[in-house]
Amino acid sequence: MAILLFRNGVLAHTKTYNNDTLASTSIMDVMRTHYASDITPEMNGDLVTVAGWIHEMRDLGGIYFLVLRDRSGFMQITMVKKKTDPALFDSARRLSRESVILIEGIVKEEEKAPNGYEIIPQTLNVLAESDSPLPMDITGKVGADIDTRLDSRFMDLRQRRSLAIFVIRHHVLQAVRNFLESEGFLEIHTPKVVAAATEGGTALFPITYFNREAFLNQSPQLYKQIMMAAGFDRVYEIGAIFRAEEHDTLRHLNEATSIDIEASFVDQFDVMDILERLIHEVYVHVSHSCAPQLRDLGVEPVIPELPFKRLTYDDALDIATQQGYSTEWGEDFGTAVERAIGNAVGEHYFIIDWPTDTKPYYTHPYENDQAYSRSFDLMHPRMELASGSQRIHSYHLLRQRIEACGLDPDGFDFYLKAFRYGMPPHAGWGLGTERLIMTMLHVENIREVVLFPRDRRRLSP
Ligand code: ATP
Ligand code: MG
């Protein structure tokens with residue numbers, strides 16, 4: 001690999017490095033001083049060192065423009081043939097798009113350039129050449145389908161739009177952590193490799209654990225409840241959940257990120273209150289902290305008003321019927337029904353008081369009418385965002401419910417044991433991080449808000 005080094009526009013040396021010296025030389029030479037966004041037209045005349053990817057090049061014969069891209073944005077690198085060392089000018093023109101270069105140059109105020117400045121290079125250091133043709137276009141001129149994009153995800157993620165989603169994802173989780181900490185929650189991490197299913201019914205991914213069978217956990221449910229027996233009072237976890245269901249939809253993944261909470265000495269309405277305030281806080285935080293990213297995406301999230309509407313399951317059933325969809329009492333709502341109810345409501349809402357049999361065994365039935373449970377789903381008009389409930393804390397009732405659901409209580413020994421020695425009343429919920437983000441940003445496909453999605457067909461990259 002040849003590295004061209006220019007000092008003050010004059011070729012200082014050209015040398016071929018082997019891989020060892022290349023690494024050390026690059027590290028010595030890589031001293032970036034500025035991101036694109038750090039530079040302003042007022043810095044006219046200053047010497048800066050910038051680095052990034054060659055986004056585009058424009059050759060006007062006597063003048064050559066490079067658009068250099070870094071995480072913060074774009075900058076124009078301008079070379080006028082008559083004023084530039086011929087070797088630098090020629091080598092710059094031979095560079096391939098998406099190569100990584102380091103440039104030392106003088107800032108020049110230039111109204112017509114992006115951000116009002118351009119950089120006149122004095123040295124140009126090629127750190128890594130890019131092969132061509134590229135696996136996909138990232139300048140926005142040629143669209144690519146989602147599979148092409150995911151196959152070359154590292155390249156797809158170089159796009160402003162993709163970067164914006166993940167900067168926002170970072171801020172969403174920061175807002176979640178700040179909010180839950182301000183409400184007295186402790187962050188925990190529970191095992192992802194487990195011996196038993198959390199709930200009956202849901203397909204699990206089996207794995208080999210030494211000479212035994214184990215599974216990837218579908219939810220931290222049982223462990224966060226055990227933490228209530230441990231007296232931790234209020235806990236939250238942000239972690240991977242694995243669902244082996246063969247979904248092929250725009251809102252299901254086989255590996256998703258769940259935001260889970262569990263709290264003691266509260267009921268389902270208290271944790272609904274926490275949930276709606278958290279959603280509100282996330283929208284406010286993103287609106288304030290992510291203006292450039294929202295601009296890149298062309299969306300302006302509407303901050304939802306508190307409190308969210310609360311429909312009972314029976315109310316929701318009536319709305320569905322009015323919309324021409326029939327659902328039997330005691331059944332979960334299918335996708336189309338969920339959409340019809342969502343369209344009728346038109347904003348975030350809760351569906352509360354679900355039939356006990358639609359919910360998992362740990363869900364607390366109402367004391368005066370056991371057919372209904374102290375449960376809720378948080379809905380966005382497009383889809384379900386979260387499920388939660390008051391949990392059963394009585395050992396005997398829990399055992400009964402496990403049996404009534406056709407499961408073997410012996411498989412739940414490690415869990416049931418925690419209910420025998422002082423388990424406080426408690427409630428909690430699980431919220432899908434990806435669904436929260438995709439609905440906030442009007443993203444159609446859930447795969448866009450995960451770096452490396454896992455779905456029925458995709459296990460790589
Ligand atoms: P759905 O009925 O929409 O498939 P669910 O009721 O099976 O969801 P829960 O077990 O209640 O899901 O999980 C709580 C939350 O975790 C969901 O509301 C959703 O936001 C998220 N979630 C669950 N499964 C998935 C998945 N396969 N892909 C993405 N997010 C998921
Ligand atoms: Mg659910």
# chains A, B, ... in the order shown; residues from 1 in each chain; ligands from 1
call {"tool": "residues_near_ligand", "arguments": {"ligand": "ligand 1", "cutoff": "7 Å", "atoms": "only C-alpha atoms and all ligand atoms", "output": "list in words"}}
result
Arg243, Arg251, His252, Leu253, Asn254, Glu255, Ala256, Ser258, Met383, Glu384, Leu385, Ala386, Ser387, Gly430, Leu431, Gly432, Thr433, Glu434 and Arg435 of chain A
call {"tool": "write_last_selection", "arguments": {"atoms": "N, CA and C atoms", "output": "compact mmCIF listing (two decimals), in the first residue's frame"}}
result
# COMPACT_ATOMS: atom_id res chain seq x y z
N ARG A 243 -37.27 -14.77 20.79
CA ARG A 243 -38.56 -15.39 20.48
C ARG A 243 -38.37 -16.25 19.23
N ARG A 251 -42.99 -5.93 12.31
CA ARG A 251 -42.85 -5.50 13.71
C ARG A 251 -42.36 -6.60 14.65
N HIS A 252 -41.92 -7.73 14.10
CA HIS A 252 -41.38 -8.80 14.93
C HIS A 252 -39.94 -9.12 14.56
N LEU A 253 -39.13 -9.36 15.59
CA LEU A 253 -37.76 -9.82 15.41
C LEU A 253 -37.63 -11.11 16.20
N ASN A 254 -36.62 -11.91 15.93
CA ASN A 254 -36.40 -13.08 16.77
C ASN A 254 -35.46 -12.76 17.93
N GLU A 255 -34.73 -11.65 17.80
CA GLU A 255 -33.96 -11.13 18.93
C GLU A 255 -34.32 -9.65 19.04
N ALA A 256 -34.95 -9.27 20.14
CA ALA A 256 -35.36 -7.88 20.33
C ALA A 256 -34.75 -7.36 21.63
N SER A 258 -35.68 -5.58 25.11
CA SER A 258 -36.82 -5.25 25.96
C SER A 258 -36.38 -4.33 27.10
N MET A 383 -49.47 -0.46 16.63
CA MET A 383 -49.12 -1.78 17.21
C MET A 383 -48.99 -1.72 18.73
N GLU A 384 -48.90 -2.92 19.31
CA GLU A 384 -48.64 -3.03 20.76
C GLU A 384 -47.22 -2.60 21.07
N LEU A 385 -47.05 -1.81 22.13
CA LEU A 385 -45.71 -1.40 22.56
C LEU A 385 -45.25 -2.14 23.82
N ALA A 386 -46.20 -2.42 24.73
CA ALA A 386 -45.81 -3.00 26.01
C ALA A 386 -46.95 -3.82 26.58
N SER A 387 -46.60 -4.79 27.43
CA SER A 387 -47.59 -5.56 28.18
C SER A 387 -47.16 -5.56 29.63
N GLY A 430 -43.11 -4.98 30.31
CA GLY A 430 -42.02 -5.10 29.34
C GLY A 430 -42.38 -4.28 28.12
N LEU A 431 -41.44 -3.44 27.71
CA LEU A 431 -41.67 -2.50 26.60
C LEU A 431 -40.64 -2.78 25.51
N GLY A 432 -41.11 -2.93 24.27
CA GLY A 432 -40.18 -3.21 23.16
C GLY A 432 -39.46 -1.95 22.71
N THR A 433 -38.14 -1.93 22.87
CA THR A 433 -37.34 -0.75 22.48
C THR A 433 -37.53 -0.42 21.00
N GLU A 434 -37.48 -1.47 20.17
CA GLU A 434 -37.57 -1.24 18.72
C GLU A 434 -38.93 -0.68 18.33
N ARG A 435 -39.98 -1.19 18.98
CA ARG A 435 -41.32 -0.70 18.63
C ARG A 435 -41.52 0.74 19.08
call {"tool": "residues_around", "arguments": {"residues": "Glu300 in chain A", "least_positions_apart": "3", "cutoff": "12 Å", "atoms": "only C-alpha atoms", "output": "ChimeraX atom specification"}}
result
/A:283-284,286-288,290-297,303,439-442
call {"tool": "residues_around", "arguments": {"residues": "range 44-49 of chain A", "least_positions_apart": "6", "cutoff": "9 Å", "atoms": "only C-alpha atoms", "output": "mmCIF file with N, CA and C atoms, in the first residue's frame"}}
result
data_model
loop_
_atom_site.group_PDB
_atom_site.id
_atom_site.type_symbol
_atom_site.label_atom_id
_atom_site.label_comp_id
_atom_site.auth_asym_id
_atom_site.auth_seq_id
_atom_site.Cartn_x
_atom_site.Cartn_y
_atom_site.Cartn_z
ATOM 1 N N VAL A 30 -2.271 9.710 12.270
ATOM 2 C CA VAL A 30 -3.691 9.975 12.464
ATOM 3 C C VAL A 30 -3.898 10.817 13.706
ATOM 4 N N MET A 31 -3.951 12.094 13.519
ATOM 5 C CA MET A 31 -4.164 13.016 14.635
ATOM 6 C C MET A 31 -5.261 13.972 14.230
ATOM 7 N N ARG A 32 -6.475 13.440 14.089
ATOM 8 C CA ARG A 32 -7.582 14.296 13.679
ATOM 9 C C ARG A 32 -7.844 15.339 14.761
ATOM 10 N N THR A 33 -7.953 16.584 14.344
ATOM 11 C CA THR A 33 -8.203 17.634 15.334
ATOM 12 C C THR A 33 -9.640 18.122 15.319
ATOM 13 N N HIS A 34 -10.349 17.912 14.209
ATOM 14 C CA HIS A 34 -11.699 18.455 14.099
ATOM 15 C C HIS A 34 -12.657 17.508 13.398
ATOM 16 N N TYR A 35 -13.883 17.489 13.886
ATOM 17 C CA TYR A 35 -15.007 16.930 13.134
ATOM 18 C C TYR A 35 -15.501 18.025 12.181
ATOM 19 N N LEU A 102 -7.011 11.248 5.445
ATOM 20 C CA LEU A 102 -6.746 12.242 6.485
ATOM 21 C C LEU A 102 -6.186 13.461 5.771
ATOM 22 N N ILE A 103 -6.746 14.599 6.059
ATOM 23 C CA ILE A 103 -6.314 15.812 5.371
ATOM 24 C C ILE A 103 -5.938 16.878 6.368
ATOM 25 N N GLU A 104 -4.799 17.504 6.096
ATOM 26 C CA GLU A 104 -4.403 18.673 6.857
ATOM 27 C C GLU A 104 -4.597 19.843 5.906
ATOM 28 N N GLY A 105 -5.304 20.853 6.331
ATOM 29 C CA GLY A 105 -5.545 21.938 5.381
ATOM 30 C C GLY A 105 -6.007 23.206 6.061
ATOM 31 N N ILE A 106 -6.151 24.231 5.221
ATOM 32 C CA ILE A 106 -6.531 25.556 5.721
ATOM 33 C C ILE A 106 -8.027 25.776 5.487
ATOM 34 N N VAL A 107 -8.697 26.242 6.513
ATOM 35 C CA VAL A 107 -10.128 26.546 6.396
ATOM 36 C C VAL A 107 -10.291 27.829 5.593
ATOM 37 N N LYS A 108 -11.220 27.798 4.638
ATOM 38 C CA LYS A 108 -11.498 29.006 3.869
ATOM 39 C C LYS A 108 -13.003 29.247 3.870
ATOM 40 N N GLU A 109 -13.369 30.458 4.239
ATOM 41 C CA GLU A 109 -14.785 30.804 4.221
ATOM 42 C C GLU A 109 -15.291 30.690 2.786
ATOM 43 N N TYR A 117 -17.986 26.769 4.593
ATOM 44 C CA TYR A 117 -16.518 26.737 4.521
ATOM 45 C C TYR A 117 -16.056 25.613 3.606
ATOM 46 N N ILE A 119 -12.115 23.395 2.693
ATOM 47 C CA ILE A 119 -10.763 23.167 3.205
ATOM 48 C C ILE A 119 -9.818 23.034 2.019
#
call {"tool": "closest_residue", "arguments": {"among": "A:Glu281, A:Leu378, A:Met423, A:Pro86", "to": "Tyr395 in chain A", "atoms": "only C-alpha atoms"}}
result
A:Met423
call {"tool": "closest_atom_pairs", "arguments": {"of": "range 82-188 of chain A", "to": "range 263-273 of chain A", "cutoff": "12 Å", "atoms": "only C-alpha atoms", "output": "JSON lines"}}
result
{"residue": "A:Leu180", "atom": "CA", "partner": "A:Ala263", "partner_atom": "CA", "distance": 11.3}
{"residue": "A:Glu183", "atom": "CA", "partner": "A:Ala263", "partner_atom": "CA", "distance": 10.6}
{"residue": "A:Gly184", "atom": "CA", "partner": "A:Ala263", "partner_atom": "CA", "distance": 9.8}
{"residue": "A:Phe185", "atom": "CA", "partner": "A:Ala263", "partner_atom": "CA", "distance": 8.3}
{"residue": "A:Leu186", "atom": "CA", "partner": "A:Ala263", "partner_atom": "CA", "distance": 10.3}
call {"tool": "select_by_dssp", "arguments": {"residues": "range 196-406 of chain A", "states": "alpha helix (DSSP H)", "output": "ChimeraX atom specification"}}
result
/A:221-229,268-289,291-297,313-322,335-345,395-404
call {"tool": "select_by_dssp", "arguments": {"residues": "range 150-321 of chain A", "states": "strand (DSSP E or B)", "output": "ChimeraX atom specification"}}
result
/A:186-187,193-194,206-209,212-216,234-242,255-264,309-312
call {"tool": "residues_around", "arguments": {"residues": "range 55-70 of chain A", "least_positions_apart": "4", "cutoff": "12 Å", "atoms": "only C-alpha atoms", "output": "JSON, numbers by chain"}}
result
{"A": [32, 34, 35, 36, 37, 38, 50, 51, 74, 75, 76, 77, 78, 79, 80, 81, 82, 83, 84, 86, 88, 89, 90, 91, 92, 93, 94, 95, 96, 97, 98, 99, 100, 101, 102, 103, 113, 114, 117, 118, 119, 120, 121, 124, 130, 134, 137, 138, 139, 140, 141, 155, 158, 159, 160, 163]}
call {"tool": "atom_distance", "arguments": {"atom1": "CA of Arg177 in chain A", "atom2": "CA of Ser289 in chain A"}}
result
15.2 Å
call {"tool": "closest_residue", "arguments": {"among": "A:Ile352, A:Val193, A:Ala320, A:Ala418", "to": "ligand 2", "atoms": "only C-alpha atoms and all ligand atoms"}}
result
A:Ile352
call {"tool": "closest_residue", "arguments": {"among": "A:Asn211, A:Gln122, A:Thr321, A:Thr363", "to": "ligand 2", "atoms": "only C-alpha atoms and all ligand atoms"}}
result
A:Thr363
call {"tool": "atom_distance", "arguments": {"atom1": "CA of Phe452 in chain A", "atom2": "CA of His189 in chain A"}}
result
21.6 Å
call {"tool": "closest_residue", "arguments": {"among": "A:Ser460, A:Ser375, A:Ser132, A:Asn445", "to": "Ile351 in chain A", "atoms": "only C-alpha atoms"}}
result
A:Ser375
call {"tool": "closest_residue", "arguments": {"among": "A:Ala175, A:Leu397, A:Ile241, A:Met379", "to": "ligand 2", "atoms": "only C-alpha atoms and all ligand atoms"}}
result
A:Met379
call {"tool": "residues_around", "arguments": {"residues": "Glu328 in chain A", "least_positions_apart": "6", "cutoff": "12 Å", "atoms": "only C-alpha atoms", "output": "MDAnalysis selection string"}}
result
chainID A and resid 313:314 316:318 320:321 334 337 355 358
call {"tool": "closest_residue", "arguments": {"among": "A:Thr249, A:Asn368, A:Ser152, A:Ser389", "to": "ligand 2", "atoms": "only C-alpha atoms and all ligand atoms"}}
result
A:Ser389
call {"tool": "residues_around", "arguments": {"residues": "Asp248 in chain A", "least_positions_apart": "5", "cutoff": "12 Å", "atoms": "only C-alpha atoms", "output": "PyMOL selection string"}}
result
chain A and resi 253-254+445-447+454-458
call {"tool": "write_last_selection", "arguments": {"atoms": "N, CA, C and O atoms", "output": "mmCIF file, in the first residue's frame"}}
result
data_model
loop_
_atom_site.group_PDB
_atom_site.id
_atom_site.type_symbol
_atom_site.label_atom_id
_atom_site.label_comp_id
_atom_site.auth_asym_id
_atom_site.auth_seq_id
_atom_site.Cartn_x
_atom_site.Cartn_y
_atom_site.Cartn_z
ATOM 1 N N LEU A 253 -39.131 -9.357 15.592
ATOM 2 C CA LEU A 253 -37.760 -9.823 15.412
ATOM 3 C C LEU A 253 -37.628 -11.114 16.204
ATOM 4 O O LEU A 253 -38.427 -11.357 17.111
ATOM 5 N N ASN A 254 -36.617 -11.909 15.928
ATOM 6 C CA ASN A 254 -36.398 -13.077 16.771
ATOM 7 C C ASN A 254 -35.461 -12.761 17.928
ATOM 8 O O ASN A 254 -35.427 -13.478 18.920
ATOM 9 N N ASN A 445 -40.329 -0.556 8.862
ATOM 10 C CA ASN A 445 -39.814 -1.906 9.104
ATOM 11 C C ASN A 445 -38.939 -1.928 10.358
ATOM 12 O O ASN A 445 -37.944 -1.194 10.452
ATOM 13 N N ILE A 446 -39.250 -2.791 11.303
ATOM 14 C CA ILE A 446 -38.523 -2.867 12.578
ATOM 15 C C ILE A 446 -37.030 -3.141 12.365
ATOM 16 O O ILE A 446 -36.190 -2.725 13.164
ATOM 17 N N ARG A 447 -36.691 -3.810 11.239
ATOM 18 C CA ARG A 447 -35.283 -4.159 10.983
ATOM 19 C C ARG A 447 -34.399 -2.918 10.854
ATOM 20 O O ARG A 447 -33.195 -2.977 11.069
ATOM 21 N N ARG A 454 -32.039 -9.970 13.596
ATOM 22 C CA ARG A 454 -32.208 -11.419 13.504
ATOM 23 C C ARG A 454 -33.666 -11.700 13.201
ATOM 24 O O ARG A 454 -34.532 -11.347 13.996
ATOM 25 N N ASP A 455 -33.929 -12.263 12.039
ATOM 26 C CA ASP A 455 -35.287 -12.668 11.726
ATOM 27 C C ASP A 455 -35.246 -14.093 11.189
ATOM 28 O O ASP A 455 -34.201 -14.738 11.228
ATOM 29 N N ARG A 456 -36.398 -14.567 10.713
ATOM 30 C CA ARG A 456 -36.477 -15.979 10.354
ATOM 31 C C ARG A 456 -35.402 -16.383 9.358
ATOM 32 O O ARG A 456 -34.891 -17.484 9.386
ATOM 33 N N ARG A 457 -35.053 -15.476 8.448
ATOM 34 C CA ARG A 457 -34.094 -15.838 7.403
ATOM 35 C C ARG A 457 -32.688 -15.309 7.659
ATOM 36 O O ARG A 457 -31.742 -15.740 7.048
ATOM 37 N N ARG A 458 -32.567 -14.337 8.551
ATOM 38 C CA ARG A 458 -31.290 -13.643 8.637
ATOM 39 C C ARG A 458 -30.538 -13.930 9.940
ATOM 40 O O ARG A 458 -31.029 -13.661 11.028
#
